[in-house]
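Single-structure report; data block below.
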2 protein chains.
Amino acid sequence: MKKKTAPAHVCKAALSIAPETLYDLADLFKVFGDSTRLRILCALFGSERCVQHIAEELGMTHSAISHQLRFLKQNKLVKNRKEGKTVFYSLADEHVHTIFNQGLKHVLEDL
Amino acid sequence: MKKKTAPAHVCKAALSIAPETLYDLADLFKVFGDSTRLRILCALFGSERCVQHIAEELGMTHSAISHQLRFLKQNKLVKNRKEGKTVFYSLADEHVHTIFNQGLKHVLEDL
DNA sequence: TTAATATATGAACATATATTCATATATTAT
DNA sequence: ATAATATATGAATATATGTTCATATATTAA
């Protein structure tokens with residue numbers, strides 16, 4: 001039995017993504033895949049904010065927010081700076097906003 | 001104490017996202033947040049494929065793939081058509097590819 | 001009909017994840 | 001020093017999720 005040959009329109013580029021890269025990509029999307037984290041990111045779209053402020057804005061404990069901020073930082077979606085007792089968090093780069101908006105566009109078009 | 005006024009670059013649009021929309025958005029990213037599903041999507045980038053074919057390509061059981069395809073379909077990332085015994089799955093629209101690539105770009109730039 | 005093939009699906013299991021609680025650290029004020 | 005404030009974090013708990021297994025459905029062949 002002859003093996004099937006790939007049709008001409010097969011996208012070789014897609015097939016050449018390293019397995020490790022795919023894991024990283026899944027991890028990236030996983031970070032965006034939680035409404036609390038999305039709400040935190042939204043809160044940071046305008047300007048940097050401290051943990052307390054975010055917690056109040058979302059009506060959640062600072063512990064929960066702090067845990068999620070750590071997660072967001074580990075995944076390089078946010079960065080922070082310390083000023084006295086308070087720590088200000090902000091978006092790591094504009095990619096975050098771009099990815100967010102790309103997804104949002106898809107969601108809004110599906111209504 | 002005077003309240004801080006938002007700096008000029010604040011994106012008001014982001015603040016007005018409905019909570020429900022944010023949940024939908026989180027759900028969308030959640031779908032992309034699993035390497036098996038990403039691998040399935042990759043397999044569909046070139047052309048439509050049947051369950052068996054995808055299962056072989058990923059070295060997984062057709063049950064696992066079938067479950068994930070159902071999930072992908074429920075979330076409108078893939079569609080399918082039946083031809084005799086076999087069911088062919090394909091990407092629902094080009095947005096899927098766009099979102100995938102947007103994330104990939106971010107991941108690759110972080111190396 | 002029976003058998004074979006392709007897919008779908010419910011239940012069970014194991015793992016992952018988000019939040020809470022208690023506690024720890026760090027900074028500033030008194 | 002102690003107290004107050006802001007944040008961080010480990011452990012525990014509850015929930016969510018991905019895969020496997022067994023079984024069901026659907027189509028085609030014999």
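Labels for the structure tokens follow display order: chains A, B, ..., residues from 1 in each chain, ligands from 1.
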
Got a sec: who's within 12 Å of DA14 (chain C), counting only C-alpha atoms (C1' of nucleotides), leaving out chain neighbours fewer than 3 positions off, as a CSV table (one decimal) with C-alpha atoms (C1' of nucleotides), in the first residue's frame?
chain,number,residue,atom,x,y,z
D,17,DT,C1',-9.2,19.3,33.2
D,18,DG,C1',-6.9,15.6,30.1
D,19,DT,C1',-6.5,10.9,29.2
D,20,DT,C1',-7.9,6.1,29.4

Write out as JSON, numbers by chain every residue belonging to chain D that has an atom at most 8 Å from any atom of chain A, counting only C-alpha atoms (C1' of nucleotides).
{"D": [5, 6, 7, 8]}

Give me, as number ranges by chain, the contact residues of chain C against chain B at a cut-off of 8 Å, counting only C-alpha atoms (C1' of nucleotides).
C: 5-8

Those selected residues, please, written with C-alpha atoms (C1' of nucleotides) and delivered as a PDB file, in the first residue's frame.
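Once everything was written out, this is again-v9.pdb:
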ATOM      1  C1'  DT C   5     -13.976   0.215  10.518  1.00  0.00           C
ATOM      2  C1'  DA C   6     -14.378   5.104  12.071  1.00  0.00           C
ATOM      3  C1'  DT C   7     -15.944   7.991  15.401  1.00  0.00           C
ATOM      4  C1'  DA C   8     -18.350   9.431  19.664  1.00  0.00           C
TER       5       DA C   8
END

Contacts from chain A to chain B, 9 Å maximum, only C-alpha atoms: show me the residue list as a PyMOL selection string.
chain A and resi 7-12+14-15+17+19+21-39+42-43+45-47+95-96+98-100+102-104+106-108

Calculate how many Å separate C1' of DA11 (chain D) from C1' of DA22 (chain C), rounding to one decimal.
9.1 Å

What parts of chain B does DSSP call strand (DSSP E or B)? I'd like the answer as a list in words.
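Of chain B, the ones in strand (DSSP E or B) are Arg49, Cys50, Val78, Lys79, Asn80, Arg81, Lys82, Glu83, Thr86, Val87, Phe88, Tyr89, Ser90 and Leu91 of chain B.
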
With only C-alpha atoms (C1' of nucleotides) as the counted atoms, please give the residues lying no more than 10 Å from DT30 (chain C), apart from itself and same-chain residues fewer than 4 positions off, as JSON, numbers by chain.
{"D": [2, 3, 4]}

For the selection you just gave me, I'd like the residues written to a file as a PDB file, in the first residue's frame, keeping C-alpha atoms (C1' of nucleotides).
ATOM      1  C1'  DT D   2       6.554  47.952  68.662  1.00  0.00           C
ATOM      2  C1'  DA D   3       2.790  48.717  65.567  1.00  0.00           C
ATOM      3  C1'  DA D   4       0.840  49.312  61.155  1.00  0.00           C
TER       4       DA D   4
END

CA of Val78 (chain A) to CA of Glu56 (chain A), distance in Å rounded to a single decimal
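Going from CA of Val78 (chain A) over to CA of Glu56 (chain A), I get 18.8 Å.
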